[in-house]
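Data block for start_34.txt (compact mmCIF, C-alpha atoms):
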```
# COMPACT_ATOMS: atom_id res chain seq x y z
CA MET A 27 99.17 88.33 123.76
CA GLN A 28 100.35 84.76 123.50
CA LEU A 29 104.02 83.93 123.96
CA PHE A 30 106.30 84.23 120.96
CA ASN A 31 109.99 84.40 120.18
CA TYR A 32 111.23 87.89 119.35
CA HIS A 33 114.03 88.33 116.81
CA LYS A 34 115.75 91.46 115.54
CA PRO A 35 117.89 90.63 112.51
CA THR A 36 120.29 93.20 111.04
CA SER A 37 120.26 91.95 107.44
CA LEU A 38 117.70 90.73 104.91
CA ASP A 39 119.46 87.35 104.68
CA GLU A 40 119.27 86.88 108.43
CA ALA A 41 115.57 87.86 108.42
CA SER A 42 114.74 85.42 105.60
CA SER A 43 116.60 82.62 107.30
CA LEU A 44 114.83 83.25 110.62
CA TYR A 45 111.54 83.17 108.71
CA ARG A 46 112.37 79.83 107.08
CA MET A 47 113.39 78.21 110.39
CA ALA A 48 110.30 79.28 112.36
CA GLU A 49 107.04 77.37 112.67
CA ASP A 50 104.58 80.24 112.21
CA PRO A 51 106.57 83.46 111.72
CA ILE A 52 105.49 87.01 110.99
CA TYR A 53 107.46 90.14 110.12
CA LEU A 54 107.08 93.27 112.26
CA GLY A 55 107.42 96.76 110.78
CA GLY A 56 106.16 99.61 112.95
CA GLY A 57 103.62 97.32 114.60
CA MET A 58 100.69 99.74 114.44
CA THR A 59 98.43 97.01 113.03
CA LEU A 60 100.25 93.85 114.05
CA ILE A 61 100.62 94.55 117.78
CA PRO A 62 96.95 95.46 118.39
CA THR A 63 95.98 92.43 116.27
CA MET A 64 98.15 90.15 118.41
CA LYS A 65 96.78 91.70 121.60
CA GLN A 66 93.31 90.70 120.44
CA ARG A 67 94.66 87.23 119.62
CA LEU A 68 93.56 87.61 116.04
CA ALA A 69 97.16 86.68 115.20
CA SER A 70 99.28 84.34 117.32
CA PRO A 71 102.60 83.82 115.55
CA THR A 72 105.31 81.64 117.12
CA ASP A 73 108.04 84.05 116.02
CA VAL A 74 107.98 87.82 115.51
CA ILE A 75 110.82 89.05 113.28
CA ASP A 76 111.37 92.78 113.84
CA LEU A 77 112.72 94.33 110.62
CA SER A 78 113.62 97.70 112.16
CA GLY A 79 117.31 96.84 112.50
CA ILE A 80 117.85 96.41 108.74
CA ASP A 81 119.46 99.69 107.63
CA GLN A 82 119.15 98.77 103.95
CA MET A 83 115.38 99.33 104.27
CA ARG A 84 115.81 102.99 105.24
CA GLY A 85 116.46 106.20 103.35
CA VAL A 86 114.74 108.39 100.77
CA VAL A 87 116.15 108.97 97.26
CA VAL A 88 114.48 111.73 95.24
CA SER A 89 115.12 112.37 91.56
CA ARG A 90 113.22 114.40 88.98
CA LYS A 91 111.25 111.38 87.78
CA SER A 92 110.88 109.19 90.83
CA VAL A 93 110.87 109.07 94.61
CA SER A 94 112.26 105.89 96.19
CA ILE A 95 111.42 105.38 99.85
CA GLY A 96 112.79 102.74 102.21
CA ALA A 97 110.09 100.43 103.58
CA LEU A 98 110.90 101.35 107.21
CA THR A 99 110.21 105.06 106.64
CA CYS A 100 107.46 106.17 109.02
CA HIS A 101 104.42 108.21 107.95
CA ASN A 102 105.57 111.39 109.69
CA GLU A 103 108.95 111.21 107.93
CA ILE A 104 107.12 111.09 104.58
CA ALA A 105 104.79 113.91 105.68
CA ASN A 106 107.67 116.15 106.79
CA ASN A 107 110.52 115.31 104.39
CA ALA A 108 111.30 118.54 102.50
CA GLU A 109 112.44 116.75 99.31
CA ILE A 110 109.28 114.63 99.13
CA GLN A 111 107.18 117.71 99.89
CA SER A 112 108.64 119.56 96.91
CA THR A 113 108.84 116.67 94.39
CA LEU A 114 105.83 114.51 95.32
CA PRO A 115 103.68 116.73 97.57
CA VAL A 116 100.63 114.48 97.14
CA LEU A 117 102.39 111.70 99.06
CA SER A 118 103.32 114.00 101.96
CA SER A 119 99.77 115.28 102.23
CA LEU A 120 98.39 111.73 102.07
CA ALA A 121 100.77 110.62 104.85
CA LYS A 122 99.59 113.51 107.05
CA LEU A 123 96.05 112.09 106.92
CA ILE A 124 96.94 108.64 108.28
CA GLY A 125 95.70 107.75 111.77
CA ASP A 126 96.99 110.15 114.42
CA ASN A 127 100.36 111.67 115.32
CA GLN A 128 101.47 108.73 117.49
CA VAL A 129 100.63 106.24 114.74
CA ARG A 130 102.42 108.39 112.14
CA ASN A 131 105.55 108.40 114.33
CA ARG A 132 105.65 104.61 114.34
CA GLY A 133 103.79 103.09 111.38
CA THR A 134 105.82 102.38 108.23
CA LEU A 135 105.25 102.60 104.47
CA GLY A 136 106.29 98.98 103.91
CA GLY A 137 104.14 97.66 106.73
CA SER A 138 101.05 99.47 105.50
CA ILE A 139 101.45 98.24 101.94
CA ALA A 140 102.29 94.65 102.91
CA ASN A 141 99.15 94.52 105.05
CA SER A 142 96.81 95.53 102.17
CA ASP A 143 94.16 96.82 104.56
CA PRO A 144 91.22 97.78 102.33
CA ALA A 145 90.95 101.17 104.08
CA ALA A 146 94.65 102.12 104.23
CA ASP A 147 95.81 105.26 102.42
CA TYR A 148 99.15 104.35 100.77
CA PRO A 149 97.66 101.63 98.51
CA ALA A 150 95.82 104.33 96.52
CA SER A 151 99.18 106.00 95.85
CA VAL A 152 100.86 102.73 94.90
CA VAL A 153 98.35 102.01 92.13
CA ALA A 154 97.89 105.62 90.98
CA LEU A 155 101.56 106.64 90.92
CA GLY A 156 102.85 103.65 88.93
CA ALA A 157 104.86 102.44 91.90
CA THR A 158 107.35 99.61 91.86
CA ILE A 159 107.64 97.45 94.97
CA TYR A 160 111.17 96.19 95.64
CA THR A 161 111.64 93.04 97.69
CA GLN A 162 114.81 91.15 98.57
CA ASP A 163 114.28 88.94 95.50
CA ARG A 164 112.51 90.90 92.77
CA THR A 165 110.43 93.92 91.78
CA ILE A 166 106.62 93.89 91.61
CA SER A 167 104.49 96.38 89.68
CA GLY A 168 102.10 98.38 91.85
CA ASP A 169 99.35 97.54 89.33
CA VAL A 170 99.35 93.86 90.33
CA PHE A 171 100.53 94.12 93.93
CA PHE A 172 97.17 94.26 95.75
CA GLN A 173 95.23 91.08 95.09
CA ALA A 174 92.41 90.75 97.64
CA LEU A 175 91.40 91.66 101.18
CA PHE A 176 94.69 91.65 103.17
CA GLU A 177 96.31 89.76 100.26
CA THR A 178 99.23 90.90 98.14
CA ALA A 179 101.55 89.47 95.51
CA LEU A 180 104.20 88.87 98.20
CA GLU A 181 105.33 85.27 98.64
CA PRO A 182 105.67 83.89 102.19
CA GLY A 183 108.93 85.23 103.64
CA GLU A 184 109.24 88.00 101.06
CA ILE A 185 110.11 91.46 102.45
CA ILE A 186 109.34 94.85 100.92
CA THR A 187 112.61 96.79 101.00
CA ARG A 188 111.71 99.98 99.07
CA VAL A 189 108.85 101.51 97.14
CA GLU A 190 109.57 103.67 94.11
CA PHE A 191 106.85 106.13 93.05
CA GLN A 192 106.79 107.85 89.65
CA VAL A 193 106.50 111.64 89.86
CA PRO A 194 103.35 112.87 88.07
CA THR A 195 102.88 116.29 86.51
CA ARG A 196 100.28 116.96 89.18
CA ALA A 197 98.19 114.86 91.57
CA VAL A 198 95.55 115.16 94.29
CA TYR A 199 94.46 112.81 97.10
CA GLN A 200 90.89 113.13 98.33
CA LYS A 201 89.79 111.10 101.32
CA PHE A 202 86.56 110.66 103.23
CA PRO A 203 87.86 109.56 106.64
CA ASN A 204 85.95 107.54 109.15
CA PRO A 205 85.42 110.16 111.87
CA ALA A 206 86.66 107.88 114.66
CA SER A 207 89.50 105.84 113.16
CA ARG A 208 90.59 108.16 110.32
CA TYR A 209 90.76 105.15 108.03
CA ALA A 210 89.54 105.91 104.50
CA VAL A 211 85.87 105.06 104.01
CA VAL A 212 86.90 105.86 100.44
CA GLY A 213 90.11 107.54 99.27
CA VAL A 214 90.96 108.57 95.72
CA LEU A 215 94.30 109.59 94.26
CA VAL A 216 94.02 111.20 90.83
CA ALA A 217 97.35 111.67 89.06
CA ASP A 218 98.10 113.39 85.76
CA PHE A 219 101.21 112.05 83.97
CA ALA A 220 101.69 114.58 81.15
CA GLY A 221 98.06 114.23 80.08
CA GLU A 222 97.54 110.57 81.03
CA ILE A 223 95.18 110.32 83.99
CA ARG A 224 95.42 107.52 86.53
CA VAL A 225 92.84 107.03 89.29
CA GLY A 226 93.84 104.98 92.36
CA VAL A 227 91.07 104.01 94.77
CA THR A 228 91.23 102.70 98.33
CA GLY A 229 88.51 101.94 100.88
CA ALA A 230 85.88 101.16 98.24
CA GLY A 231 86.66 97.53 97.41
CA PRO A 232 88.41 94.52 98.99
CA CYS A 233 91.78 96.06 98.07
CA ALA A 234 93.13 99.12 96.27
CA PHE A 235 92.53 99.29 92.52
CA ARG A 236 92.70 101.59 89.50
CA ALA A 237 89.30 102.84 88.34
CA ARG A 238 90.05 102.14 84.67
CA ASP A 239 86.55 103.02 83.39
CA MET A 240 86.90 106.43 85.03
CA GLU A 241 90.41 106.84 83.63
CA ALA A 242 89.11 106.14 80.10
CA VAL A 243 86.46 108.84 80.44
CA LEU A 244 88.85 111.36 82.01
CA ASN A 245 91.50 110.71 79.36
CA ARG A 246 89.00 111.80 76.72
CA ALA A 247 88.16 115.00 78.64
CA LEU A 248 89.30 116.06 82.10
CA ASP A 249 85.75 116.94 83.11
CA PRO A 250 84.01 115.23 86.04
CA ASP A 251 80.60 115.70 84.37
CA GLY A 252 81.58 112.91 81.99
CA LEU A 253 81.57 110.45 84.90
CA GLN A 254 77.93 110.92 85.82
CA GLU A 255 76.57 108.01 83.80
CA LEU A 256 79.38 105.65 84.75
CA GLY A 257 77.98 102.67 86.69
CA LEU A 258 81.34 101.22 87.79
CA SER A 259 79.89 97.74 87.33
CA GLU A 260 83.38 96.23 87.46
CA VAL A 261 83.85 97.28 91.10
CA GLU A 262 82.85 95.01 93.95
CA PHE A 263 82.13 97.65 96.63
CA ASN A 264 82.61 96.92 100.33
CA SER A 265 79.61 97.02 102.59
CA ASP A 266 80.04 97.15 106.37
CA LEU A 267 78.80 99.01 109.46
CA HIS A 268 80.63 102.16 108.32
CA ALA A 269 79.06 102.45 104.87
CA SER A 270 76.91 100.47 102.45
CA ALA A 271 78.14 99.53 98.98
CA GLU A 272 75.78 102.13 97.45
CA TYR A 273 77.15 104.84 99.72
CA ARG A 274 80.74 103.95 98.86
CA ALA A 275 79.92 104.01 95.14
CA HIS A 276 78.45 107.48 95.61
CA LEU A 277 81.46 108.64 97.65
CA LEU A 278 83.82 107.44 94.93
CA HIS A 279 82.06 109.68 92.39
CA VAL A 280 82.03 112.66 94.76
CA LEU A 281 85.70 112.31 95.69
CA VAL A 282 86.87 111.90 92.08
CA ARG A 283 84.87 115.03 91.18
CA ARG A 284 86.49 116.97 94.03
CA ALA A 285 89.93 115.67 93.05
CA ILE A 286 89.50 116.77 89.42
CA VAL A 287 88.35 120.25 90.46
CA GLU A 288 91.38 120.56 92.75
CA LEU A 289 93.72 119.07 90.13
CA VAL A 290 92.65 121.50 87.42
CA ALA A 291 93.10 124.41 89.84
CA LEU A 292 96.70 123.35 90.58
CA ASP A 293 98.10 125.32 87.65
CA MET B 25 113.33 86.26 127.98
CA THR B 26 115.40 89.02 126.41
CA THR B 27 117.35 91.75 128.12
CA VAL B 28 116.52 95.25 126.95
CA THR B 29 118.71 98.21 127.70
CA MET B 30 117.40 101.73 127.30
CA THR B 31 117.39 105.17 128.86
CA VAL B 32 114.25 106.10 130.79
CA ASN B 33 113.95 109.69 131.97
CA GLY B 34 117.69 110.13 131.61
CA LYS B 35 118.64 107.03 133.60
CA PRO B 36 120.07 103.83 132.09
CA VAL B 37 117.72 100.85 132.56
CA SER B 38 118.25 97.17 131.86
CA GLU B 39 115.36 94.70 132.31
CA ASN B 40 114.58 91.10 131.44
CA VAL B 41 111.36 90.95 129.44
CA GLU B 42 109.30 88.43 127.47
CA GLY B 43 108.92 89.14 123.77
CA ARG B 44 105.27 90.00 124.37
CA THR B 45 105.90 92.51 127.18
CA LEU B 46 104.50 95.91 126.19
CA LEU B 47 106.42 99.11 126.81
CA SER B 48 103.48 100.30 128.96
CA THR B 49 103.77 97.16 131.13
CA LEU B 50 107.52 97.60 131.51
CA LEU B 51 107.08 101.23 132.58
CA ARG B 52 104.22 100.67 135.00
CA ASP B 53 104.83 97.19 136.45
CA ASP B 54 108.61 96.82 136.32
CA LEU B 55 109.80 100.43 136.70
CA ARG B 56 106.78 101.56 138.78
CA LEU B 57 106.34 104.66 136.64
CA THR B 58 102.57 104.69 136.99
CA GLY B 59 102.09 108.21 135.63
CA THR B 60 101.75 106.58 132.21
CA HIS B 61 98.08 105.54 132.19
CA ILE B 62 96.40 102.62 130.45
CA GLY B 63 93.02 103.84 129.21
CA CYS B 64 91.76 101.58 126.45
CA ASP B 65 94.72 99.25 125.87
CA THR B 66 93.65 99.09 122.21
CA SER B 67 95.70 102.03 120.89
CA GLN B 68 92.75 104.41 120.57
CA CYS B 69 92.85 106.73 123.59
CA GLY B 70 96.45 107.97 123.86
CA ALA B 71 96.53 108.00 127.69
CA CYS B 72 99.67 105.82 127.53
CA THR B 73 101.56 108.25 125.28
CA VAL B 74 105.28 108.60 126.05
CA LEU B 75 108.18 110.05 124.07
CA LEU B 76 110.33 107.52 122.20
CA ASN B 77 113.45 109.33 120.99
CA ASN B 78 111.52 112.61 121.47
CA ARG B 79 108.47 111.56 119.42
CA ALA B 80 105.07 110.65 120.87
CA VAL B 81 104.08 106.98 120.69
CA LYS B 82 101.38 104.88 122.35
CA SER B 83 103.30 102.70 124.78
CA CYS B 84 100.53 100.06 124.79
CA SER B 85 101.29 99.38 121.12
CA VAL B 86 105.07 99.06 121.33
CA LEU B 87 106.92 95.95 122.51
CA ALA B 88 109.51 96.57 125.19
CA ALA B 89 111.96 94.49 123.12
CA GLN B 90 111.60 96.94 120.20
CA ILE B 91 113.07 99.83 122.16
CA GLU B 92 116.59 98.48 122.73
CA ASP B 93 119.05 101.41 122.92
CA CYS B 94 116.23 104.00 122.70
CA LYS B 95 115.46 107.01 124.87
CA ILE B 96 112.10 107.03 126.67
CA THR B 97 110.60 110.05 128.42
CA THR B 98 107.49 109.68 130.59
CA ILE B 99 105.45 112.26 132.49
CA GLU B 100 107.72 111.63 135.53
CA GLY B 101 110.74 112.72 133.49
CA ILE B 102 109.74 116.22 132.41
CA GLY B 103 109.49 118.12 135.70
CA THR B 104 109.13 117.90 139.47
CA ALA B 105 106.46 119.20 141.85
CA ASP B 106 108.69 122.20 142.60
CA ASP B 107 109.89 122.71 139.07
CA LEU B 108 107.11 121.89 136.62
CA HIS B 109 107.64 121.65 132.85
CA PRO B 110 106.21 124.71 131.02
CA MET B 111 103.51 122.47 129.52
CA GLN B 112 102.46 121.33 133.02
CA VAL B 113 102.37 124.96 134.17
CA ALA B 114 100.17 125.86 131.20
CA PHE B 115 97.79 122.96 131.90
CA ARG B 116 97.44 124.20 135.49
CA GLU B 117 97.02 127.85 134.50
CA CYS B 118 94.42 127.09 131.81
CA HIS B 119 92.52 124.53 133.92
CA ALA B 120 93.23 121.99 131.17
CA LEU B 121 92.29 118.97 133.24
CA GLN B 122 89.14 117.77 134.91
CA CYS B 123 89.51 114.19 136.14
CA GLY B 124 93.16 114.17 135.01
CA PHE B 125 93.26 110.63 133.65
CA CYS B 126 94.18 111.63 130.09
CA THR B 127 96.52 114.41 131.21
CA PRO B 128 99.90 112.58 131.18
CA GLY B 129 99.28 111.39 127.62
CA MET B 130 97.98 114.79 126.54
CA ILE B 131 101.06 116.53 127.94
CA MET B 132 103.53 114.14 126.30
CA GLN B 133 101.72 114.49 122.96
CA ALA B 134 101.59 118.28 123.35
CA ILE B 135 105.35 118.42 123.97
CA ASP B 136 105.98 116.46 120.75
CA LEU B 137 103.64 118.80 118.84
CA VAL B 138 105.20 122.01 120.11
CA GLU B 139 108.78 120.79 119.66
CA ASN B 140 108.35 119.16 116.25
CA THR B 141 105.73 121.22 114.39
CA PRO B 142 106.78 124.45 112.68
CA ASN B 143 104.16 127.26 112.68
CA LEU B 144 101.74 125.43 114.97
CA ASP B 145 98.31 127.10 115.05
CA LYS B 146 95.16 126.19 116.99
CA ARG B 147 93.83 124.07 114.15
CA GLY B 148 97.16 122.24 114.05
CA ILE B 149 96.91 121.66 117.80
CA ARG B 150 93.38 120.25 117.51
CA GLU B 151 94.44 117.97 114.65
CA GLY B 152 97.65 117.05 116.46
CA LEU B 153 95.73 115.94 119.56
CA GLU B 154 93.51 113.59 117.53
CA GLY B 155 95.16 110.54 119.04
CA ASN B 156 94.31 111.57 122.61
CA ILE B 157 90.81 111.24 124.00
CA CYS B 158 89.50 113.21 127.00
CA ARG B 159 86.34 111.56 128.32
CA CYS B 160 85.52 114.70 130.31
CA THR B 161 85.53 116.41 126.87
CA GLY B 162 87.70 119.21 128.26
CA TYR B 163 89.35 119.82 124.91
CA HIS B 164 88.89 123.57 124.75
CA ASN B 165 91.12 124.33 127.73
CA ILE B 166 93.65 121.70 126.66
CA VAL B 167 93.99 123.45 123.29
CA ARG B 168 94.32 126.81 125.10
CA ALA B 169 97.10 125.42 127.28
CA VAL B 170 99.05 123.99 124.35
CA ALA B 171 98.53 127.18 122.35
CA SER B 172 99.90 129.30 125.17
CA VAL B 173 103.13 127.28 125.21
CA ALA B 174 103.38 127.22 121.40
CA GLY B 175 102.60 130.93 121.14
CA ALA B 176 99.87 129.90 118.68
CA VAL B 177 97.06 132.14 117.53
CA ASP B 178 93.71 131.14 116.00
```
Give the structure from the file, written as structure tokens.
Amino acid sequence: MQLFNYHKPTSLDEASSLYRMAEDPIYLGGGMTLIPTMKQRLASPTDVIDLSGIDQMRGVVVSRKSVSIGALTCHNEIANNAEIQSTLPVLSSLAKLIGDNQVRNRGTLGGSIANSDPAADYPASVVALGATIYTQDRTISGDVFFQALFETALEPGEIITRVEFQVPTRAVYQKFPNPASRYAVVGVLVADFAGEIRVGVTGAGPCAFRARDMEAVLNRALDPDGLQELGLSEVEFNSDLHASAEYRAHLLHVLVRRAIVELVALD
Amino acid sequence: MTTVTMTVNGKPVSENVEGRTLLSTLLRDDLRLTGTHIGCDTSQCGACTVLLNNRAVKSCSVLAAQIEDCKITTIEGIGTADDLHPMQVAFRECHALQCGFCTPGMIMQAIDLVENTPNLDKRGIREGLEGNICRCTGYHNIVRAVASVAGAVD
């Protein structure tokens, strides 16, 4: 790693001001992506601003309609929190599938979402569960948050403080993990909000998105057979050494089918 | 340079580190606790696993500066040659090591799993050890050892 200045602010104002003063700053959450990236010198910031001392970014608030989670909450906390397990079980089970135990002890919700890795798990839940992203300045709808490969609606210096998920009637996450890394080759979160179906997809394209053509078909009838003829021409599928675009398109169909079968069996 | 203060294996420690110093470097080079192994140095293999506030983390992917005021436990901190930790006893009894390189990380991860997972079964152990790679592929006996400590059945 190249030399950098390390800062650990205790408030959002202090973090923003450190960011403004630095030449080439970057925020650090749990560091499960950033630190390996810096070790490979794929990122060489002049200043690393560790957000873990900002207490305002912690805590979980669960109500009947929504679950609001502090950005610093680690994956294992989301997997094991009893209130999240009972109100939004799909998010706990999704968190359990991320990386490995050590990564889940350290990696954070806010860090994962801010990174917009095309194969990360949480982005599927952000778009499918009508999430709202809170930053120090404003709120951003989950529908417009992910913009491109590793690109979000965040402005330079903006910090995710909390993420608020809407609680669906029922929901299922289906993931086809890469056998080595456990990243999603494709992951699909299908949520039913009192009859309105939302389909969040990760791993398939440059960033997470809602499969609106699929939603339209499923909102007419919750039957995966209706999806067979759907070409998904609007989706630009990723193609890399893990899977071709054709394979990912096929996986998307298979995973949505599995999710619907599991969803219908939920009650 | 920043000064970091922490507890390592029950003892208070204060060291001057660069921002880029990794926890694994601090443990091995500065504190000479070389039981924590560096396998891949790219956060894949888990050989460098230590407990940070009683939870397993890969010390090659944590900055030393991040652990101010935290409690670190390494393989040196869980038992002695005369008084082994129950997990170390189980690894010996079950022949859960071949070359032994991955063993410190495996044991620290296994302690986290057994202490923090309710109703741990063998499948849970196998899934829980996903972040630790044994190049001798001796997984079967490692799972047996962890299961014997956890009281886990199939």
Open item on the list: What are the residues of chain B lining chain A at 10 Å or less? Count only C-alpha atoms, and put the answer as a ChimeraX atom specification.
Closed with: /B:25-26,42-46,65-68,70,73-76,79-87,89-90,133,136-137,140-141,151-156
- [ ] Would you list the contacts of Leu108 of chain B as a ChimeraX atom specification, taking every protein, DNA or RNA residue within 12 Å and counting all atoms listed in the file, but skipping same-chain residues closer than 6 positions in sequence?
- [x] /B:99-102,114-117,131
Task: Residues within 12 Å of Pro36 of chain B, only C-alpha atoms, excluding chain neighbours under 5 positions, as a list in words - done: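 Counting only the stated atoms, we get Val28, Thr29, Met30, Thr31, Leu55, Glu92, Asp93, Cys94, Lys95, Ile96 and Thr97 of chain B.
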Open item on the list: Let me make sure I understand: among B:Cys64, B:Lys146, B:Met111, B:Val173, which one has the smallest atom-to-atom distance to Cys158 of chain B if we use all atoms listed in the file?
Closed with: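 Smallest separation from Cys158 of chain B among the options: B:Cys64.
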Task: Of the listed residues A:Asp163, A:Asp169, A:Asp249, A:Glu241, that which approaches Gly183 of chain A most closely, counting all atoms listed in the file - done: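 Among the listed residues, A:Asp163 lies closest to Gly183 of chain A.
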Open item on the list: As an exercise, work out the distance from atom CA of Leu248 of chain A to atom CA of Leu155 of chain A in Å and give it to one decimal place.
Closed with: 17.8 Å
TODO: Show which residues sit within 12 Å of Phe125 of chain B, as a list in words. Count all atoms listed in the file, and ignore same-chain residues fewer than 2 positions away.
DONE: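 Residues meeting the cut-off are Thr58, Gly59, Thr60, His61, Ile62, Gly63, Cys64, Cys69, Gly70, Ala71, Cys72, Ala120, Leu121, Gln122, Cys123, Thr127, Pro128, Gly129, Met130, Ile131, Asn156, Ile157, Cys158, Arg159, Cys160, Thr161 and Gly162 of chain B.
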Task: Selected residue of minimal separation from Asn204 of chain A among A:Val282, A:Leu267, A:Ala234, A:Ala179, counting all atoms listed in the file - done: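 That would be A:Leu267, the residue with the smallest distance to Asn204 of chain A.
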